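Note: the block below is coords-v5.txt and it holds compact mmCIF, C-alpha atoms.
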# COMPACT_ATOMS: atom_id res chain seq x y z
CA MET A 7 -1.24 -19.95 -21.81
CA SER A 8 -4.51 -18.50 -20.63
CA ARG A 9 -4.54 -16.50 -17.39
CA SER A 10 -7.50 -14.88 -15.71
CA ILE A 11 -7.48 -11.14 -15.13
CA GLY A 12 -7.50 -11.67 -11.37
CA ASN A 13 -4.52 -14.01 -11.50
CA SER A 14 -2.63 -11.55 -13.67
CA ILE A 15 -3.22 -8.74 -11.18
CA ALA A 16 -2.43 -11.08 -8.26
CA ASP A 17 0.90 -12.01 -9.85
CA SER A 18 1.92 -8.34 -9.78
CA LEU A 19 0.64 -7.94 -6.21
CA SER A 20 2.57 -11.01 -5.10
CA LEU A 21 5.78 -9.52 -6.49
CA ALA A 22 5.03 -6.20 -4.75
CA LEU A 23 4.42 -7.94 -1.41
CA GLY A 24 7.78 -9.70 -1.65
CA TYR A 25 9.42 -6.34 -2.27
CA ALA A 26 7.46 -4.81 0.63
CA ARG A 27 8.85 -7.49 2.96
CA ARG A 28 12.41 -6.86 1.79
CA MET A 29 11.97 -3.11 2.29
CA LEU A 30 11.53 -3.76 6.03
CA THR A 31 14.93 -5.46 6.38
CA ASP A 32 16.88 -3.73 9.17
CA VAL A 33 14.16 -1.09 9.71
CA THR A 34 13.60 -0.45 13.41
CA PRO A 35 10.47 0.77 15.20
CA GLU A 36 12.48 3.84 16.25
CA THR A 37 13.16 4.92 12.65
CA PHE A 38 9.98 3.61 10.98
CA ALA A 39 8.12 6.95 11.29
CA ARG A 40 11.12 9.30 11.07
CA PHE A 41 12.27 11.47 8.21
CA GLY A 42 15.69 10.72 6.84
CA ALA A 43 18.51 13.13 7.63
CA PRO A 44 21.55 12.25 5.50
CA GLY A 45 24.49 14.43 6.48
CA GLY A 46 22.28 16.03 9.14
CA GLN A 47 19.93 17.55 6.54
CA VAL A 48 16.31 16.52 7.24
CA VAL A 49 14.47 15.44 4.10
CA GLU A 50 10.69 15.75 4.28
CA SER A 51 9.81 12.67 2.28
CA ASN A 52 7.26 9.98 2.99
CA HIS A 53 8.69 7.55 5.52
CA ALA A 54 7.96 3.85 5.83
CA ALA A 55 5.18 4.27 8.40
CA PHE A 56 3.31 6.64 6.13
CA CYS A 57 3.76 4.53 2.99
CA TYR A 58 2.67 1.23 4.54
CA GLY A 59 -0.18 2.92 6.42
CA HIS A 60 -1.37 4.74 3.31
CA LEU A 61 -1.28 1.58 1.21
CA SER A 62 -3.30 -0.24 3.88
CA LEU A 63 -6.29 1.94 2.98
CA TYR A 64 -6.80 0.40 -0.45
CA ALA A 65 -7.27 -3.31 0.23
CA CYS A 66 -10.83 -2.75 1.47
CA ARG A 67 -11.70 -0.97 -1.79
CA VAL A 68 -10.46 -3.89 -3.86
CA ILE A 69 -12.40 -6.43 -1.79
CA ARG A 70 -15.59 -4.34 -1.78
CA GLU A 71 -15.46 -3.66 -5.51
CA LEU A 72 -14.98 -7.35 -6.23
CA GLY A 73 -18.21 -8.00 -4.29
CA GLY A 74 -16.63 -9.20 -1.04
CA ASP A 75 -17.03 -8.21 2.59
CA GLU A 76 -14.35 -5.63 3.32
CA LYS A 77 -14.80 -5.55 7.12
CA ALA A 78 -11.80 -7.80 7.82
CA VAL A 79 -9.51 -5.60 5.71
CA THR A 80 -10.79 -2.15 6.68
CA PRO A 81 -8.27 -0.29 8.83
CA PRO A 82 -9.28 1.59 11.97
CA GLU A 83 -10.56 5.13 11.39
CA VAL A 84 -7.28 6.59 12.67
CA TYR A 85 -5.58 5.18 9.54
CA PHE A 86 -7.93 7.18 7.31
CA GLU A 87 -7.20 10.32 9.35
CA LYS A 88 -3.42 9.94 9.25
CA PHE A 89 -2.75 8.18 5.94
CA LYS A 90 -5.42 9.19 3.40
CA ASP A 91 -4.42 10.76 0.11
CA GLY A 92 -3.47 14.40 0.59
CA VAL A 93 -2.54 14.13 4.28
CA LYS A 94 0.95 15.40 5.05
CA CYS A 95 3.49 12.90 6.33
CA ILE A 96 5.02 14.09 9.61
CA ASP A 97 8.25 13.22 11.41
CA ASP A 98 7.08 11.26 14.47
CA ALA A 99 10.11 11.90 16.70
CA ASP A 100 8.50 10.67 19.92
CA GLY A 101 6.69 7.72 18.33
CA THR A 102 3.22 8.74 19.46
CA TYR A 103 1.53 10.12 16.34
CA TYR A 104 1.43 7.04 14.12
CA PRO A 105 0.43 3.51 15.13
CA PRO A 106 3.38 1.22 15.97
CA MET A 107 5.44 -0.40 13.21
CA GLU A 108 4.26 -3.90 14.05
CA GLU A 109 0.60 -2.88 13.82
CA ILE A 110 0.96 -1.03 10.52
CA THR A 111 3.01 -3.72 8.79
CA ALA A 112 0.91 -6.61 10.13
CA SER A 113 -2.23 -4.87 8.86
CA PHE A 114 -0.69 -4.14 5.47
CA PHE A 115 0.36 -7.75 4.87
CA LYS A 116 -2.84 -9.27 6.29
CA TYR A 117 -5.00 -7.03 4.12
CA TYR A 118 -3.11 -7.69 0.91
CA GLU A 119 -2.85 -11.45 1.48
CA THR A 120 -6.66 -11.35 1.62
CA VAL A 121 -6.72 -9.32 -1.59
CA LEU A 122 -4.47 -11.91 -3.27
CA GLU A 123 -7.01 -14.63 -2.52
CA ALA A 124 -9.92 -12.49 -3.70
CA LEU A 125 -8.19 -11.56 -6.96
CA ARG A 126 -7.39 -15.18 -7.76
CA ALA A 127 -10.98 -16.26 -7.01
CA ALA A 128 -12.77 -13.48 -8.90
CA PRO A 129 -14.26 -14.22 -12.32
CA ASP A 130 -13.08 -12.13 -15.25
CA GLU A 131 -16.51 -10.48 -15.45
CA ALA A 132 -15.92 -8.80 -12.07
CA PHE A 133 -13.04 -6.81 -13.58
CA GLN A 134 -15.08 -5.60 -16.56
CA LYS A 135 -17.41 -3.46 -14.44
CA GLU A 136 -17.16 0.30 -14.71
CA ASN A 137 -15.01 2.05 -12.12
CA PRO A 138 -17.57 3.52 -9.69
CA HIS A 139 -15.41 6.36 -8.36
CA GLY A 140 -16.07 8.82 -11.16
CA GLY A 141 -14.05 11.86 -12.09
CA ARG A 142 -10.34 11.67 -12.82
CA LEU A 143 -9.98 8.18 -11.32
CA THR A 144 -12.52 6.77 -13.78
CA GLU A 145 -10.94 8.69 -16.66
CA LEU A 146 -7.58 7.11 -15.88
CA PHE A 147 -8.94 3.67 -14.99
CA PRO A 148 -12.34 3.08 -16.64
CA SER A 149 -12.85 -0.47 -15.35
CA ILE A 150 -12.52 -2.21 -12.00
CA GLY A 151 -9.78 -4.31 -13.57
CA SER A 152 -7.66 -1.38 -14.68
CA MET A 153 -8.14 0.40 -11.36
CA HIS A 154 -7.19 -2.66 -9.31
CA ALA A 155 -4.23 -3.40 -11.56
CA PHE A 156 -3.02 0.06 -10.53
CA TYR A 157 -3.87 -0.33 -6.82
CA CYS A 158 -2.16 -3.73 -6.64
CA GLY A 159 0.79 -2.90 -8.86
CA GLY A 160 1.81 0.63 -9.75
CA HIS A 161 0.44 2.31 -6.63
CA ILE A 162 2.17 -0.09 -4.27
CA MET A 163 5.45 -0.05 -6.18
CA MET A 164 5.41 3.76 -6.39
CA HIS A 165 5.20 4.05 -2.61
CA LEU A 166 7.72 1.26 -2.08
CA GLY A 167 10.07 3.30 -4.26
CA GLN A 168 9.66 6.08 -1.70
CA VAL A 169 10.52 3.58 1.04
CA SER A 170 13.59 2.52 -0.94
CA ALA A 171 14.86 6.12 -1.08
CA TRP A 172 13.94 6.60 2.60
CA ARG A 173 15.99 3.51 3.48
CA ARG A 174 19.04 4.96 1.78
CA MET A 175 18.59 8.26 3.66
CA HIS A 176 18.77 6.16 6.86
CA GLY A 177 21.98 4.51 5.73
CA LEU A 178 20.35 1.13 5.03
CA ASN A 179 21.43 -1.11 2.19
CA PRO A 180 19.24 -1.73 -0.86
CA ALA A 181 16.66 -4.39 -0.13
Take the structure I supplied and represent it as structure tokens, if you would.
Amino acid sequence: MSRSIGNSIADSLSLALGYARRMLTDVTPETFARFGAPGGQVVESNHAAFCYGHLSLYACRVIRELGGDEKAVTPPEVYFEKFKDGVKCIDDADGTYYPPMEEITASFFKYYETVLEALRAAPDEAFQKENPHGGRLTELFPSIGSMHAFYCGGHIMMHLGQVSAWRRMHGLNPA
């Protein structure tokens, strides 16, 4: 069977999005941006709000680098301030630091549903282009295809693994 590169990446993304939906089972807006505290011991680990917000930053890159218009999948500037790589996740006890759960999750799913369509529509040649980011990112992922396979697979699943551990710290069942 012959599969395009975009469809192969989209298959992985589709699986990740299903997992991302299950990870939200029984999560409440009150706990979405809170650190876990099993046995009363606070664990400073990325919470769901941070993970979904952080992941929301990458859909616009995928769309742009596949030659599309990223405006519809570019988060508000506050997302870049609070969720970019290297920013520390904070425990939002009063629920005022991070955007609300519904906003973050709706953005995440809207953005990546758009990416799914773009991946499936892109010709294989689009994935053969050199990764434009340079430095370590281009060393690790020399082509657009390898970079987007990571963004739409490994990167998402890595952060959803953090959400899985966070869920358990909140006493939630596996999703």
Open item on the list: Let me make sure I understand: among A:Ala54, A:Ala65, A:Cys95, A:Ala155, which one has the smallest atom-to-atom distance to Arg173 in chain A if we use only C-alpha atoms?
Closed with: A:Ala54
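Checking A:His176, A:Lys77, A:Arg70, A:Lys88 one by one against Leu125 in chain A, counting only C-alpha atoms, you find the shortest gap at A:Arg70.
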Can you check which parts of range 78-134 of chain A lie within 9 Å of range 25-40 of chain A? Per residue, the shortest pair of atoms and distance in Å to one decimal, counting all atoms listed in the file, sorted by chain and number, as a Markdown table.
| residue | atom | partner | partner_atom | distance |
| --- | --- | --- | --- | --- |
| A:Ile96 | CA | A:Arg40 | CA | 7.9 |
| A:Asp97 | CA | A:Arg40 | CA | 4.9 |
| A:Asp98 | CA | A:Ala39 | CA | 5.5 |
| A:Ala99 | CA | A:Arg40 | CA | 6.3 |
| A:Asp100 | CA | A:Glu36 | CA | 8.7 |
| A:Gly101 | CA | A:Ala39 | CA | 7.2 |
| A:Tyr103 | CA | A:Ala39 | CA | 8.9 |
| A:Tyr104 | CA | A:Ala39 | CA | 7.3 |
| A:Pro106 | CA | A:Pro35 | CA | 7.1 |
| A:Met107 | CA | A:Pro35 | CA | 5.5 |
| A:Glu108 | CA | A:Pro35 | CA | 7.9 |
| A:Thr111 | CA | A:Leu30 | CA | 9.0 |
| A:Phe115 | CA | A:Arg27 | CA | 8.7 |
Task: Residue among A:Val49, A:Leu21, A:Ala132, A:Ile110 lying closest to Phe89 in chain A, counting all atoms listed in the file - done: A:Ile110
Open item on the list: Report, in Å with one decimal, the straight-line distance from CA of Thr102 in chain A to CA of Ala55 in chain A.
Closed with: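 Distance between the two atoms: 12.1 Å.
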Task: Selected residue, from A:Lys116, A:Arg9, A:His139, A:Arg126, that lies nearest to Glu71 in chain A when counting only C-alpha atoms - done: A:His139
Open item on the list: I'd like the interatomic distance between CA of Ala124 in chain A and CA of Val84 in chain A, to a tenth of an Å.
Closed with: 25.3 Å
Give me, as a Markdown table, each residue of range 43-145 of chain A that comes within 9 Å of range 156-162 of chain A, together with its shortest interatomic pair and the distance in Å at one decimal, counting only C-alpha atoms, with rows ordered by chain and rising residue number.
| residue | atom | partner | partner_atom | distance |
| --- | --- | --- | --- | --- |
| A:Cys57 | CA | A:Ile162 | CA | 8.8 |
| A:Tyr58 | CA | A:Ile162 | CA | 8.9 |
| A:Leu61 | CA | A:Ile162 | CA | 6.7 |
| A:Tyr64 | CA | A:Tyr157 | CA | 7.0 |
| A:Ala65 | CA | A:Tyr157 | CA | 8.4 |
| A:Val68 | CA | A:Tyr157 | CA | 8.1 |
| A:Tyr118 | CA | A:Cys158 | CA | 8.6 |
| A:Val121 | CA | A:Cys158 | CA | 8.8 |
Open item on the list: Counting only C-alpha atoms, which residue out of A:Ser113, A:Phe147, A:Lys94, A:Gln134 sits closest to Asn52 in chain A?
Closed with: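 That would be A:Lys94, the residue with the smallest distance to Asn52 in chain A.
For the pair CA of Phe41 in chain A and CA of Met175 in chain A, the interatomic distance is 8.4 Å.
Checking A:Phe133, A:Phe114, A:Glu50, A:Val93 one by one against Ser152 in chain A, counting all atoms listed in the file, you find the shortest gap at A:Phe133.
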TODO: In the coordinate frame of the file, compute which residues have an atom within 7 Å of (-10.6, -4.7, -7.2) when using only C-alpha atoms, and state them as a ChimeraX atom specification.
DONE: /A:67-69,71-72,150-151,154
Open item on the list: Need to verify the contact set: Leu122 in chain A, 9 Å, all atoms listed in the file, exclusion of same-chain residues closer than 2 positions in sequence. Can you return it as a PyMOL selection string?
Closed with: chain A and resi 12-13+15-17+19-20+117-120+124-127
Just add N, CA and C atoms to range 12-34 of chain A and send it as a short mmCIF file (atom, residue, chain, number, x, y, z; two decimals), keeping the file's coordinate frame.
data_model
loop_
_atom_site.label_atom_id
_atom_site.label_comp_id
_atom_site.auth_asym_id
_atom_site.auth_seq_id
_atom_site.Cartn_x
_atom_site.Cartn_y
_atom_site.Cartn_z
N GLY A 12 -7.82 -11.70 -12.80
CA GLY A 12 -7.50 -11.67 -11.37
C GLY A 12 -6.15 -12.28 -11.06
N ASN A 13 -5.83 -13.40 -11.71
CA ASN A 13 -4.52 -14.01 -11.50
C ASN A 13 -3.40 -13.13 -12.02
N SER A 14 -3.64 -12.44 -13.13
CA SER A 14 -2.63 -11.55 -13.67
C SER A 14 -2.36 -10.39 -12.71
N ILE A 15 -3.40 -9.82 -12.15
CA ILE A 15 -3.22 -8.74 -11.18
C ILE A 15 -2.57 -9.28 -9.91
N ALA A 16 -2.99 -10.46 -9.47
CA ALA A 16 -2.43 -11.08 -8.26
C ALA A 16 -0.94 -11.38 -8.42
N ASP A 17 -0.52 -11.76 -9.62
CA ASP A 17 0.90 -12.01 -9.85
C ASP A 17 1.72 -10.76 -9.56
N SER A 18 1.23 -9.61 -10.03
CA SER A 18 1.92 -8.34 -9.78
C SER A 18 1.89 -8.00 -8.29
N LEU A 19 0.75 -8.21 -7.65
CA LEU A 19 0.64 -7.94 -6.21
C LEU A 19 1.58 -8.83 -5.42
N SER A 20 1.68 -10.08 -5.80
CA SER A 20 2.57 -11.01 -5.10
C SER A 20 4.02 -10.53 -5.17
N LEU A 21 4.43 -10.07 -6.33
CA LEU A 21 5.78 -9.52 -6.49
C LEU A 21 5.96 -8.30 -5.59
N ALA A 22 4.97 -7.41 -5.57
CA ALA A 22 5.03 -6.20 -4.75
C ALA A 22 5.12 -6.54 -3.26
N LEU A 23 4.39 -7.56 -2.83
CA LEU A 23 4.42 -7.94 -1.41
C LEU A 23 5.79 -8.49 -1.02
N GLY A 24 6.42 -9.23 -1.92
CA GLY A 24 7.78 -9.70 -1.65
C GLY A 24 8.73 -8.53 -1.49
N TYR A 25 8.59 -7.54 -2.35
CA TYR A 25 9.42 -6.34 -2.27
C TYR A 25 9.13 -5.58 -0.98
N ALA A 26 7.85 -5.50 -0.61
CA ALA A 26 7.46 -4.81 0.63
C ALA A 26 8.09 -5.47 1.85
N ARG A 27 8.19 -6.78 1.84
CA ARG A 27 8.85 -7.49 2.96
C ARG A 27 10.34 -7.17 2.99
N ARG A 28 10.97 -7.17 1.84
CA ARG A 28 12.41 -6.86 1.79
C ARG A 28 12.69 -5.42 2.22
N MET A 29 11.78 -4.51 1.92
CA MET A 29 11.97 -3.11 2.29
C MET A 29 12.03 -2.92 3.81
N LEU A 30 11.53 -3.88 4.56
CA LEU A 30 11.53 -3.76 6.03
C LEU A 30 12.80 -4.33 6.67
N THR A 31 13.68 -4.91 5.86
CA THR A 31 14.93 -5.46 6.38
C THR A 31 15.72 -4.37 7.09
N ASP A 32 16.07 -4.63 8.33
CA ASP A 32 16.88 -3.73 9.17
C ASP A 32 16.18 -2.43 9.57
N VAL A 33 14.91 -2.27 9.27
CA VAL A 33 14.16 -1.09 9.71
C VAL A 33 13.75 -1.33 11.16
N THR A 34 13.94 -0.33 11.99
CA THR A 34 13.60 -0.45 13.41
C THR A 34 12.34 0.35 13.72
#
